[in-house]
Structure formats: structure tokens, C-alpha cells
file data_1.txt (compact mmCIF, C-alpha atoms)
# COMPACT_ATOMS: atom_id res chain seq x y z
CA MET A 177 62.54 99.01 46.87
CA SER A 178 59.39 97.12 47.87
CA ALA A 179 60.80 96.34 51.31
CA ARG A 180 61.69 99.99 51.81
CA LEU A 181 58.17 101.03 50.75
CA HIS A 182 56.67 98.54 53.18
CA ALA A 183 58.83 99.90 56.02
CA LEU A 184 57.94 103.51 55.26
CA LEU A 185 54.19 102.72 55.08
CA THR A 186 54.36 100.83 58.36
CA LEU A 187 56.19 103.70 60.04
CA TRP A 188 53.68 106.25 58.71
CA LEU A 189 50.69 104.27 59.96
CA THR A 190 52.37 103.84 63.34
CA VAL A 191 52.94 107.56 63.74
CA THR A 192 49.63 108.84 62.32
CA GLN A 193 47.22 106.31 63.83
CA GLY A 194 48.72 106.38 67.30
CA GLY A 195 48.21 102.84 68.48
CA CYS A 196 47.27 101.07 65.26
CA THR A 197 50.47 99.10 65.67
CA TYR A 198 50.23 97.48 69.04
CA SER A 199 53.84 97.64 70.33
CA ASN A 200 53.12 98.86 73.84
CA ASN A 201 50.91 97.39 76.51
CA HIS A 202 47.81 99.05 75.14
CA TRP A 203 45.66 97.28 72.47
CA GLY A 204 43.09 99.79 71.40
CA GLU A 205 40.17 99.15 73.80
CA TRP A 206 42.05 96.30 75.47
CA ASN A 207 45.04 96.10 77.86
CA ASP A 208 47.37 93.33 79.03
CA SER A 209 45.09 92.26 81.84
CA GLN A 210 42.23 91.56 79.41
CA LEU A 211 44.19 89.56 76.81
CA GLN A 212 45.61 86.06 77.01
CA PRO A 213 49.38 85.73 76.82
CA THR A 214 49.11 84.12 73.39
CA ILE A 215 47.02 86.98 72.08
CA GLN A 216 49.42 89.50 73.64
CA LYS A 217 52.32 87.97 71.74
CA LEU A 218 50.37 87.87 68.50
CA MET A 219 49.26 91.46 68.78
CA LYS A 220 52.74 92.76 69.48
CA GLY A 221 53.82 94.63 66.36
CA TYR A 222 50.59 93.70 64.50
CA ASN A 223 49.12 96.34 62.17
CA ARG A 224 45.45 95.76 61.36
CA TYR A 225 45.52 98.36 58.58
CA LEU A 226 47.84 96.28 56.42
CA ARG A 227 46.46 93.17 54.77
CA PRO A 228 48.33 89.88 55.02
CA ASN A 229 50.95 89.20 52.32
CA PHE A 230 51.35 92.90 51.72
CA ASN A 231 53.54 93.30 48.60
CA GLU A 232 53.73 89.52 48.34
CA GLY A 233 50.62 88.70 46.34
CA PRO A 234 46.87 88.57 46.92
CA VAL A 235 45.23 87.07 49.98
CA GLU A 236 43.15 83.98 49.25
CA ILE A 237 39.85 84.10 51.15
CA GLY A 238 37.64 81.01 51.26
CA MET A 239 33.89 81.44 51.72
CA SER A 240 31.12 79.15 52.91
CA LEU A 241 27.45 79.78 53.69
CA ASP A 242 24.75 78.30 55.85
CA ILE A 243 21.26 79.46 54.83
CA ALA A 244 19.33 79.54 58.09
CA SER A 245 16.04 80.76 56.56
CA ILE A 246 14.43 82.60 53.69
CA ASP A 247 11.76 84.52 55.51
CA ALA A 248 9.88 86.19 52.66
CA VAL A 249 9.86 86.39 48.88
CA SER A 250 8.11 89.53 47.67
CA GLU A 251 6.82 89.81 44.11
CA ILE A 252 5.80 93.42 44.73
CA ASN A 253 9.30 94.59 45.71
CA MET A 254 11.07 91.82 43.77
CA ASP A 255 13.35 90.78 46.61
CA TYR A 256 13.78 88.12 49.27
CA THR A 257 14.85 88.25 52.91
CA ALA A 258 17.33 85.64 54.14
CA THR A 259 19.26 84.92 57.32
CA ILE A 260 22.71 83.49 56.61
CA PHE A 261 25.83 82.37 58.46
CA LEU A 262 28.82 83.70 56.52
CA ARG A 263 32.19 82.09 57.18
CA GLN A 264 35.47 83.48 55.81
CA ARG A 265 38.92 81.87 56.05
CA TRP A 266 42.31 83.32 55.18
CA ARG A 267 45.90 82.89 56.28
CA ASP A 268 47.79 85.66 58.08
CA SER A 269 51.46 84.77 58.60
CA ARG A 270 51.70 87.40 61.33
CA LEU A 271 49.43 85.31 63.56
CA VAL A 272 51.45 82.06 63.50
CA PHE A 273 52.10 80.61 66.97
CA PRO A 274 53.62 77.31 68.17
CA GLY A 275 51.49 74.25 68.81
CA ASN A 276 48.64 72.48 67.04
CA GLU A 277 45.70 74.05 68.80
CA SER A 278 43.40 76.88 67.84
CA VAL A 279 42.45 79.90 69.86
CA SER A 280 38.84 81.11 69.97
CA VAL A 281 38.62 84.73 71.03
CA ASP A 282 35.82 87.12 71.82
CA GLY A 283 34.07 88.51 68.76
CA ARG A 284 34.75 92.00 70.02
CA LEU A 285 38.45 91.45 69.37
CA VAL A 286 37.69 91.85 65.65
CA SER A 287 38.74 95.46 66.07
CA LEU A 288 42.32 94.25 66.65
CA LEU A 289 42.61 92.20 63.45
CA TRP A 290 42.59 92.77 59.73
CA ILE A 291 39.37 91.43 58.22
CA PRO A 292 38.11 91.37 54.60
CA ASP A 293 35.74 94.12 53.46
CA THR A 294 33.16 91.69 52.08
CA PHE A 295 29.73 93.08 51.21
CA ILE A 296 26.51 92.02 49.42
CA PRO A 297 26.06 94.27 46.36
CA ASP A 298 22.36 93.53 45.79
CA SER A 299 21.39 94.07 49.42
CA LYS A 300 18.66 96.63 50.10
CA ARG A 301 18.73 96.32 53.89
CA SER A 302 20.91 94.22 56.16
CA PHE A 303 22.00 94.01 59.76
CA LEU A 304 24.26 91.98 62.02
CA HIS A 305 22.49 90.18 64.86
CA ASP A 306 23.51 91.38 68.31
CA VAL A 307 21.38 89.39 70.79
CA THR A 308 22.75 88.73 73.32
CA VAL A 309 26.07 89.90 71.91
CA GLU A 310 27.18 90.57 68.39
CA ASN A 311 26.96 87.25 66.57
CA ARG A 312 30.60 87.03 65.54
CA LEU A 313 33.18 84.30 65.82
CA ILE A 314 36.95 84.61 65.54
CA ARG A 315 39.16 81.55 65.68
CA ILE A 316 42.92 81.65 65.08
CA PHE A 317 44.81 78.47 64.17
CA SER A 318 48.47 77.82 64.85
CA ASN A 319 49.43 78.06 61.17
CA GLY A 320 48.03 81.59 61.01
CA THR A 321 44.64 80.67 59.50
CA VAL A 322 41.83 82.93 60.70
CA LEU A 323 38.18 81.84 60.75
CA TYR A 324 35.75 84.74 60.84
CA ALA A 325 32.02 83.91 61.02
CA LEU A 326 29.01 86.17 61.47
CA ARG A 327 25.22 85.96 61.31
CA ILE A 328 23.50 88.37 58.90
CA THR A 329 19.91 89.05 57.86
CA ALA A 330 19.64 90.82 54.51
CA THR A 331 16.93 91.81 52.07
CA ILE A 332 18.36 91.11 48.63
CA ALA A 333 17.03 92.10 45.21
CA CYS A 334 15.90 89.37 42.83
CA ASN A 335 14.81 90.13 39.27
CA MET A 336 11.67 88.10 38.60
CA ASP A 337 9.85 87.12 35.42
CA LEU A 338 6.16 86.84 36.31
CA THR A 339 4.76 86.03 32.86
CA LYS A 340 3.98 82.46 33.98
CA TYR A 341 2.74 83.38 37.46
CA PRO A 342 1.70 81.27 39.38
CA MET A 343 3.38 78.46 37.39
CA ASP A 344 6.64 80.41 37.40
CA ARG A 345 10.20 79.50 38.29
CA GLN A 346 12.42 82.23 39.68
CA VAL A 347 16.23 82.19 39.73
CA CYS A 348 17.70 84.40 42.47
CA THR A 349 21.30 85.08 43.40
CA LEU A 350 23.34 85.89 46.49
CA GLN A 351 26.52 87.76 45.56
CA LEU A 352 29.59 88.44 47.68
CA GLU A 353 32.16 91.04 46.62
CA SER A 354 35.10 92.93 48.03
CA TRP A 355 34.44 96.62 48.56
CA GLY A 356 37.92 98.13 48.35
CA TYR A 357 40.42 95.37 47.60
CA ASN A 358 40.71 94.45 43.91
CA LEU A 359 41.94 91.21 42.37
CA GLN A 360 45.57 92.23 42.98
CA ASP A 361 44.90 92.33 46.71
CA VAL A 362 42.41 89.54 47.49
CA VAL A 363 41.01 86.46 45.74
CA PHE A 364 37.70 84.86 46.71
CA TYR A 365 36.93 81.15 46.31
CA TRP A 366 34.34 78.68 47.57
CA THR A 367 35.95 76.37 50.11
CA ARG A 368 34.17 73.20 48.89
CA GLY A 369 32.48 74.18 45.63
CA ASN A 370 28.70 73.57 45.69
CA ASP A 371 29.07 71.87 49.07
CA SER A 372 30.11 75.22 50.52
CA VAL A 373 26.41 76.11 50.76
CA LYS A 374 24.32 74.32 53.38
CA GLY A 375 20.71 74.58 54.42
CA LEU A 376 18.96 75.00 51.07
CA ASP A 377 18.21 71.28 50.82
CA ILE A 378 16.11 71.26 53.98
CA LEU A 379 14.59 74.71 53.57
CA ARG A 380 10.78 74.93 53.63
CA LEU A 381 9.01 77.99 52.21
CA ALA A 382 5.33 78.97 52.18
CA GLN A 383 4.85 79.34 48.42
CA TYR A 384 8.10 78.01 46.99
CA SER A 385 10.31 74.97 46.97
CA VAL A 386 14.04 75.10 46.24
CA GLU A 387 14.46 73.28 42.95
CA SER A 388 18.24 73.51 42.49
CA TYR A 389 21.28 75.62 43.33
CA TYR A 390 24.92 75.99 42.33
CA THR A 391 27.88 78.28 43.00
CA SER A 392 30.15 80.20 40.67
CA VAL A 393 33.27 82.35 40.82
CA SER A 394 33.33 85.58 38.86
CA GLU A 395 34.69 89.08 38.91
CA ALA A 396 32.98 92.45 39.20
CA VAL A 397 34.18 95.10 36.79
CA TYR A 398 33.80 98.72 37.83
CA GLU A 399 35.39 101.98 36.82
CA THR A 400 37.91 101.62 39.65
CA GLY A 401 39.06 98.14 38.64
CA LYS A 402 38.22 94.45 38.84
CA TYR A 403 37.07 92.96 42.10
CA PRO A 404 36.53 89.36 43.23
CA LYS A 405 32.97 88.06 43.30
CA LEU A 406 31.29 84.85 44.43
CA VAL A 407 27.73 84.05 43.36
CA LEU A 408 25.19 81.58 44.72
CA HIS A 409 22.43 80.78 42.21
CA PHE A 410 19.26 79.06 43.43
CA ALA A 411 15.99 78.32 41.62
CA LEU A 412 12.62 78.63 43.34
CA ARG A 413 9.58 76.79 41.97
CA ARG A 414 6.23 78.20 43.10
CA ASN A 415 3.73 75.76 44.58
CA VAL A 416 0.67 76.09 42.34
CA LEU A 417 -1.72 74.01 44.49
CA PHE A 418 -2.63 77.00 46.65
CA PHE A 419 -3.59 79.06 43.61
CA ILE A 420 -5.58 76.18 42.11
CA LEU A 421 -7.72 76.01 45.24
CA GLU A 422 -7.83 79.78 45.76
CA THR A 423 -8.42 81.08 42.24
CA TYR A 424 -8.67 78.48 39.49
CA VAL A 425 -11.34 76.22 41.03
CA PRO A 426 -13.68 79.14 41.96
CA SER A 427 -13.27 80.55 38.44
CA ILE A 428 -14.20 77.22 36.86
CA LEU A 429 -17.22 76.86 39.14
CA LEU A 430 -18.40 80.35 38.19
CA VAL A 431 -18.17 79.48 34.50
CA VAL A 432 -20.15 76.28 35.07
CA LEU A 433 -22.72 78.24 37.08
CA SER A 434 -23.22 80.61 34.16
CA TRP A 435 -24.16 77.59 32.00
CA VAL A 436 -27.11 76.77 34.27
CA SER A 437 -29.08 79.50 32.52
CA PHE A 438 -29.09 77.41 29.33
CA TRP A 439 -31.50 74.98 31.01
CA ILE A 440 -33.82 77.69 32.35
CA SER A 441 -36.83 78.68 30.27
CA GLN A 442 -36.35 81.78 28.17
CA SER A 443 -39.57 83.18 29.56
CA SER A 444 -37.94 83.33 33.04
CA VAL A 445 -36.26 86.64 32.39
CA PRO A 446 -35.48 87.58 36.04
CA ALA A 447 -33.90 84.19 36.83
CA ARG A 448 -31.59 84.11 33.81
CA THR A 449 -30.65 87.79 34.10
CA CYS A 450 -29.88 87.37 37.81
CA ILE A 451 -27.55 84.40 37.17
CA GLY A 452 -25.72 86.23 34.38
CA VAL A 453 -25.20 89.49 36.25
CA THR A 454 -24.24 87.74 39.51
CA THR A 455 -21.59 85.58 37.88
CA VAL A 456 -20.13 88.55 36.02
CA LEU A 457 -19.84 90.62 39.20
CA THR A 458 -18.41 87.72 41.21
CA MET A 459 -15.83 87.07 38.53
CA THR A 460 -14.85 90.73 38.54
CA THR A 461 -14.33 90.61 42.32
CA LEU A 462 -12.23 87.46 42.00
CA MET A 463 -10.04 89.12 39.36
CA MET A 464 -9.46 92.15 41.57
CA GLY A 465 -8.57 89.95 44.55
CA ALA A 466 -6.04 87.96 42.53
CA ARG A 467 -4.11 91.15 41.73
CA THR A 468 -3.78 92.43 45.30
CA SER A 469 -0.60 90.42 45.98
CA LEU A 470 1.13 91.67 42.83
CA PRO A 471 2.42 95.04 41.62
CA ASN A 472 -0.34 97.29 40.34
CA ALA A 473 1.83 98.74 37.59
CA ASN A 474 3.97 96.17 35.85
CA CYS A 475 4.60 95.11 32.30
CA PHE A 476 3.75 91.45 32.85
CA ILE A 477 0.65 89.76 31.44
CA LYS A 478 0.58 86.91 33.90
CA ALA A 479 -0.77 83.41 33.34
CA ILE A 480 -3.41 83.90 36.01
CA ASP A 481 -4.60 87.09 34.28
CA VAL A 482 -4.99 85.17 31.03
CA TYR A 483 -7.04 82.45 32.71
CA LEU A 484 -9.27 84.90 34.58
CA GLY A 485 -9.80 86.76 31.32
CA ILE A 486 -10.83 83.51 29.61
CA CYS A 487 -13.31 82.71 32.38
CA PHE A 488 -14.72 86.23 32.31
CA THR A 489 -15.18 85.97 28.53
CA PHE A 490 -17.15 82.72 28.83
CA ILE A 491 -19.33 84.11 31.64
CA PHE A 492 -20.02 87.29 29.72
CA GLY A 493 -20.68 85.21 26.61
CA ALA A 494 -23.36 83.25 28.46
CA LEU A 495 -25.08 86.52 29.37
CA VAL A 496 -24.89 87.75 25.77
CA GLU A 497 -26.25 84.39 24.58
CA TYR A 498 -29.41 84.89 26.61
CA ALA A 499 -29.85 88.41 25.22
CA TYR A 500 -29.45 87.00 21.69
CA ALA A 501 -31.88 84.12 22.33
CA HIS A 502 -34.43 86.35 24.03
CA PHE A 503 -34.36 88.83 21.15
CA TYR A 504 -35.11 86.14 18.56
CA THR A 505 -37.74 84.58 20.81
CA VAL A 506 -39.63 87.86 21.01
CA LYS A 507 -39.21 88.36 17.25
CA HIS A 508 -40.41 84.82 16.56
CA HIS A 509 -43.47 85.30 18.76
CA THR A 510 -44.28 88.56 16.96
CA ILE A 511 -44.07 86.87 13.55
CA GLU A 512 -46.24 83.98 14.76
CA ASP A 513 -48.86 86.41 16.06
CA LEU A 514 -48.82 88.24 12.72
CA HIS A 515 -49.23 84.99 10.79
CA ARG A 516 -52.05 83.94 13.09
CA GLU A 517 -53.83 87.27 12.51
CA LEU A 518 -53.39 87.04 8.72
CA ARG A 519 -54.66 83.48 8.77
CA ARG A 520 -57.75 84.52 10.70
CA GLU A 521 -58.46 87.39 8.29
CA LEU A 522 -57.91 85.11 5.29
CA ASN A 523 -60.29 82.55 6.69
CA GLU A 524 -62.91 85.24 7.20
CA TYR A 525 -62.37 86.51 3.64
CA ASN A 526 -62.60 83.02 2.15
CA GLY A 527 -65.85 82.41 4.00
CA ASN A 528 -67.44 85.60 2.67
CA GLY A 529 -66.25 84.94 -0.92
CA SER A 530 -67.82 81.47 -1.09
CA ILE A 531 -71.16 82.89 0.07
CA LEU A 532 -71.10 85.60 -2.61
CA SER A 533 -70.24 83.19 -5.43
CA SER A 534 -73.15 80.90 -4.58
CA THR A 535 -75.70 83.76 -4.74
CA GLN A 536 -74.65 85.24 -8.15
CA PRO A 537 -76.51 84.04 -11.41
CA ASN A 538 -74.74 82.21 -14.22
CA ARG A 539 -73.13 84.42 -16.82
CA PRO A 540 -72.84 83.50 -20.55
CA VAL A 541 -69.42 82.39 -21.80
CA GLU A 542 -67.86 84.74 -24.31
CA THR A 543 -66.21 83.19 -27.40
CA SER A 544 -64.07 84.89 -30.03
CA SER A 545 -65.11 84.93 -33.66
CA PRO A 546 -62.94 83.59 -36.56
CA ALA A 547 -62.50 87.12 -37.88
CA GLU A 548 -60.55 88.18 -34.72
CA GLU A 549 -57.88 85.40 -35.03
CA PRO A 550 -55.57 87.23 -37.61
CA ALA A 551 -55.43 90.30 -35.34
CA GLU A 552 -54.47 88.17 -32.36
CA ARG A 553 -51.69 86.46 -34.32
CA GLN A 554 -50.26 89.82 -35.41
CA ALA A 555 -50.22 91.06 -31.81
CA ASP A 556 -48.49 87.84 -30.70
CA SER A 557 -45.71 88.26 -33.31
CA GLU A 558 -45.13 91.88 -32.25
CA ALA A 559 -44.84 90.76 -28.63
CA ARG A 560 -42.18 88.21 -29.58
CA ILE A 561 -40.15 90.85 -31.43
CA ASN A 562 -40.30 93.16 -28.42
CA ALA A 563 -39.22 90.31 -26.13
CA ALA A 564 -36.20 89.58 -28.36
CA ASP A 565 -35.19 93.24 -28.20
CA GLN A 566 -35.42 93.24 -24.38
CA GLU A 567 -33.33 90.06 -23.78
CA PRO A 568 -30.01 91.95 -22.97
CA ALA A 569 -31.79 94.15 -20.47
CA LEU A 570 -33.41 91.09 -18.88
CA GLY A 571 -29.96 89.44 -18.66
CA ARG A 572 -28.61 92.36 -16.66
CA VAL A 573 -31.66 92.29 -14.42
CA GLY A 574 -31.18 88.54 -13.96
CA GLY A 575 -27.55 89.08 -12.85
CA LEU A 576 -28.67 91.57 -10.24
CA ARG A 577 -31.31 89.13 -9.09
CA SER A 578 -28.70 86.37 -8.69
CA VAL A 579 -26.53 88.67 -6.53
CA LYS A 580 -29.54 89.53 -4.41
CA ASP A 581 -30.42 85.86 -4.06
CA ALA A 582 -26.85 85.03 -2.96
CA SER A 583 -26.92 87.82 -0.36
CA ARG A 584 -30.27 86.58 0.91
CA ARG A 585 -28.88 83.06 1.26
CA ALA A 586 -25.83 84.37 3.16
CA ALA A 587 -28.08 86.39 5.45
CA SER A 588 -30.34 83.40 5.99
CA VAL A 589 -27.45 81.65 7.79
CA PHE A 590 -27.78 84.15 10.66
CA VAL A 591 -31.54 84.00 10.69
CA VAL A 592 -32.84 81.76 13.46
CA GLU A 593 -35.99 79.93 12.57
CA ASN A 594 -36.34 78.28 16.00
CA PRO A 595 -35.02 80.48 18.87
CA TYR A 596 -35.14 77.56 21.32
CA GLU A 597 -32.42 75.88 19.27
CA ILE A 598 -29.95 78.55 20.49
CA ASP A 599 -30.01 77.25 24.06
CA ARG A 600 -29.78 73.65 22.92
CA ARG A 601 -26.66 74.38 20.89
CA ALA A 602 -25.12 76.50 23.67
CA ARG A 603 -25.35 73.53 26.07
CA THR A 604 -22.81 71.76 23.87
CA VAL A 605 -20.74 74.55 22.34
CA PHE A 606 -19.83 76.40 25.57
CA PRO A 607 -18.54 73.36 27.57
CA ALA A 608 -16.67 71.96 24.56
CA ALA A 609 -14.98 75.30 23.82
CA PHE A 610 -14.07 75.82 27.49
CA LEU A 611 -12.54 72.33 27.68
CA ILE A 612 -10.43 72.91 24.56
CA VAL A 613 -9.20 76.28 25.82
CA ASN A 614 -8.25 74.73 29.18
CA VAL A 615 -6.23 71.98 27.53
CA LEU A 616 -4.31 74.50 25.42
CA TYR A 617 -3.77 76.80 28.41
CA TRP A 618 -2.33 74.18 30.75
CA LEU A 619 -0.19 72.61 28.03
CA TYR A 620 1.35 75.98 27.20
CA TYR A 621 2.08 77.21 30.72
CA LEU A 622 3.16 73.91 32.24
CA PHE A 623 5.21 72.33 29.47
CA LEU A 624 6.28 75.09 27.05
call {"tool": "encode", "arguments": {"input": "data_1.txt", "output": "C-alpha cells"}}
result
Amino acid sequence: MSARLHALLTLWLTVTQGGCTYSNNHWGEWNDSQLQPTIQKLMKGYNRYLRPNFNEGPVEIGMSLDIASIDAVSEINMDYTATIFLRQRWRDSRLVFPGNESVSVDGRLVSLLWIPDTFIPDSKRSFLHDVTVENRLIRIFSNGTVLYALRITATIACNMDLTKYPMDRQVCTLQLESWGYNLQDVVFYWTRGNDSVKGLDILRLAQYSVESYYTSVSEAVYETGKYPKLVLHFALRRNVLFFILETYVPSILLVVLSWVSFWISQSSVPARTCIGVTTVLTMTTLMMGARTSLPNANCFIKAIDVYLGICFTFIFGALVEYAYAHFYTVKHHTIEDLHRELRRELNEYNGNGSILSSTQPNRPVETSSPAEEPAERQADSEARINAADQEPALGRVGGLRSVKDASRRAASVFVVENPYEIDRRARTVFPAAFLIVNVLYWLYYLFL
């Protein structure tokens, strides 16, 4: 039954396609004068619309890749552009010829042969190079093995995780699938395992270095069936040195520059304000420039954003520190002026009082008589009774006073007696805090 079905299908294709089976002296776009005798014999009775081993099992197709270049890796579009040499091998028993040699034919003869319908599923754009001719190679061996090679440039999607940018590591893939033939028709395999991929070891990229790569064999499951799939996985590690020189070092220098104001006198208001505002604006410009090479709307909080935010916080904190110190300096000067004025008035009052006391005559000293002592004792006893009655009320008042005293002591912690001490403490606190934050930042993003 299968042989009869094969014969009927061959006959139908011969009749309907009109020349798809090359039995006469006409080979599509080619004729006898343009083809070698060996090719003429091979093409006689050959049907390029039927795969090899039709009704006899799937065709085994071996794949190998040469990565010529990876031209660009885009974080904005999340893709990479690569130029590859794709080589496919399979055996077609209809192309067996005597001898031990191979026949290399013009790439344009691909229209006479059956070839796999391999495609790149994640490709956004791709094209076959055609300078000076289409970059294709067809080589037929005497045992019927066909080598089909072509040069392709493709832009391929790569899902990236940018949370650790620019200390990130991206894993991209290059997938090869069959478009129409399922696993019952064709089977893909890597010809030499991981050694089937060449060129990644010596590849040099602008921002990345190839850390590792490996190959795998899988299958693609769609609504129409299961299809063969080969996958090349390769890991790209970003070179962070460029970003250290371009972003991190300027940010650190701006933070250090904001600390210079701690050594400037608080009375130099224009100088300290100018340093604070200038560093804040420069840091804002640096943060905007660091985001130009990345997507404007994405869900990633990147490592570089965290660091720039830390630096901006320290710079802004230095500006707020001067405002805080200046406020208490002015307040301290106002209190000192008030004390000085009160002292001057008190001195004037004390001087006038001593003069008046020296000019007044001596007054007689009044003494109480013995008859008044019982009345005084009675008044004293009444006062003690009243004091005993008022002890609970005084206890409540004492509790309120203790609460008020505790609140005053808590508030006294934030009261600055010497405003110049603020700058002296800031000279130590700001660098120490910035150093600790840097250690935690680099430990987390480099080793965790």
C-alpha cells in the first residue's frame, strides 16, 4: 500500500508541476549543455518536492555553525545581530553515484534539489548575503550525502535581565527549527556536539566577553505537531571597566566634592551654596546621561540606578547639612546677642543699685515681742495641716513635672549648643557612611 501511495504521489507531482521531475532534457532553468554529465544522470527522475527516505523514516540532518561576528547587542530592543555560516548535512539515496569523489556545484543549482526548510524562530530580521553571488555552497558526495552551507546575517531576540546592569550576565540563544517537517519527517542533530559551534572562542565584542556556551537538542511543540529544534546557548558577561570610568568614578568625585563645603566657613554663604547646588545639578545630568542607552520605560531597577541614587542622596545631604548648620549658627548668634544685651543691662542696673544703697540712712531693726510668739505658732500649725491636705494634689503635679522634664531631656538631644560642631562631625560621618554603603553595594552586585 505504501509503495502504491508513493507511486501515485510521484505521478501526480509529475503531471501537475510540469517539470518538477526532471525526466527530459530540461532541468527547470537549466538544460543539458549547462549541466555536467554526472549532474545530468543524478537529476534524471529526481523529484525535489519529495524528501529523501519518503515513507521510509525521517531524514537525519546534521547541523554545524561558524559564528563570524556578533555585530551589536542592544539593550533597548533586547536583541543581538550576528553573522553565521550555517552548514547542513543529510543523505539522499537518490544522489548516489560511483566513485569516491565529491561534486561541488553552483549554489544556484539549489533549485534542483530538495533542501530542509530550516528557519530561526526568534529572528526579527535576516537576509542571505549575495555579494558577489548568493553565498551558498552545495557539495554532493558519492554516497549521496549533501552538504548545504550558506551565510546569514540575522537580528535575533534575546530576553535580558538588567537588574544588575552594568555588572550583568546575559544568556542568549540561537535556535534552529524545521518549518513544515515534523519529527516524523526530519530529525536534527549537532554533528559534533559542542564542537559543532566555532568562532565564539575568538570573538571580541565592544562591551561583552563570551563567558561560556553549549548546545542542546530539543523539540518545538505547536498546535500542528512536534518539530525538531537545535539550540545554541551562550553567556555574555558585560565589561564593567568602561562604566567604572564613565559613570562610577565621576559620581564618586562629585560626592567627595560636596564634602569640601564642610571645611569652608559657615559665614561664606555664597561659596557653600554654590558648591552644593552645582554638585546636585551635575549629578542630575550624569544620571540622565546614564539612562540614554537603556529603555526609557522598563520594569528594571538597575544597579547603576541604585548607585547614582546613593550618590545623589549623599550630595543632597551635604547641601541639607549646610542649611541645618547655618540655621543653628544664626540662632546661636541671636541668643548670644540677647545674652550680651541682658548682661549689659544687668551691669547697668547693678551699678545704679549700689549707688542708691550707699546714699540711704540706716533704718532701725524691727524685733517681735514675746506676746506675738503664740500667734505665730498657731499659724505655723495651720500651714502644716493645709500642706498635709494638699500632698495628693502635689503628687499629681510632680508626675506631670517629671513627664515634662523627660520630654525636655529628649528634646535637648536635638538642640545644638555649638553649631560649629555640626561641620566637624559631618567631616567624619559622611565619608564613613559612604564607605560602608559602597562596600555593601559592591559585595551584593558582584558576589551575590
call {"tool": "closest_residue", "arguments": {"input": "data_1.txt", "among": "A:Val482, A:Leu262, A:Ile428, A:Ile314", "to": "Leu352 in chain A", "atoms": "all atoms listed in the file"}}
result
A:Leu262
call {"tool": "closest_residue", "arguments": {"input": "data_1.txt", "among": "A:Phe476, A:Phe303, A:Tyr596, A:Tyr483", "to": "Tyr500 in chain A", "atoms": "only C-alpha atoms"}}
result
A:Tyr596
call {"tool": "residues_around", "arguments": {"input": "data_1.txt", "residues": "range 599-603 of chain A", "least_positions_apart": "5", "cutoff": "8 Å", "atoms": "all atoms listed in the file", "output": "ChimeraX atom specification"}}
result
/A:435,438-439,501
call {"tool": "residues_around", "arguments": {"input": "data_1.txt", "residues": "Asp255 in chain A", "least_positions_apart": "2", "cutoff": "8 Å", "atoms": "all atoms listed in the file", "output": "VMD selection string"}}
result
chain A and resid 249 to 251 253 257 331 to 335
call {"tool": "closest_residue", "arguments": {"input": "data_1.txt", "among": "A:Ile246, A:Leu288, A:Val613, A:Leu241", "to": "Arg224 in chain A", "atoms": "all atoms listed in the file"}}
result
A:Leu288
call {"tool": "atom_distance", "arguments": {"input": "data_1.txt", "atom1": "CA of Lys217 in chain A", "atom2": "CA of Glu236 in chain A"}}
result
24.6 Å
call {"tool": "atom_distance", "arguments": {"input": "data_1.txt", "atom1": "CA of Gly452 in chain A", "atom2": "CA of Asn614 in chain A"}}
result
21.6 Å
call {"tool": "residues_around", "arguments": {"input": "data_1.txt", "residues": "Ser427 in chain A", "least_positions_apart": "4", "cutoff": "12 Å", "atoms": "only C-alpha atoms", "output": "ChimeraX atom specification"}}
result
/A:419-423,431-434,455-456,458-463,466,480-481,483-491,610
call {"tool": "atom_distance", "arguments": {"input": "data_1.txt", "atom1": "CA of Leu271 in chain A", "atom2": "CA of Ile316 in chain A"}}
result
7.6 Å
call {"tool": "residues_near_point", "arguments": {"input": "data_1.txt", "point": "(24.6, 97.5, 50.1)", "cutoff": "12 Å", "atoms": "all atoms listed in the file", "output": "PyMOL selection string"}}
result
chain A and resi 294-303+330-333+351-355
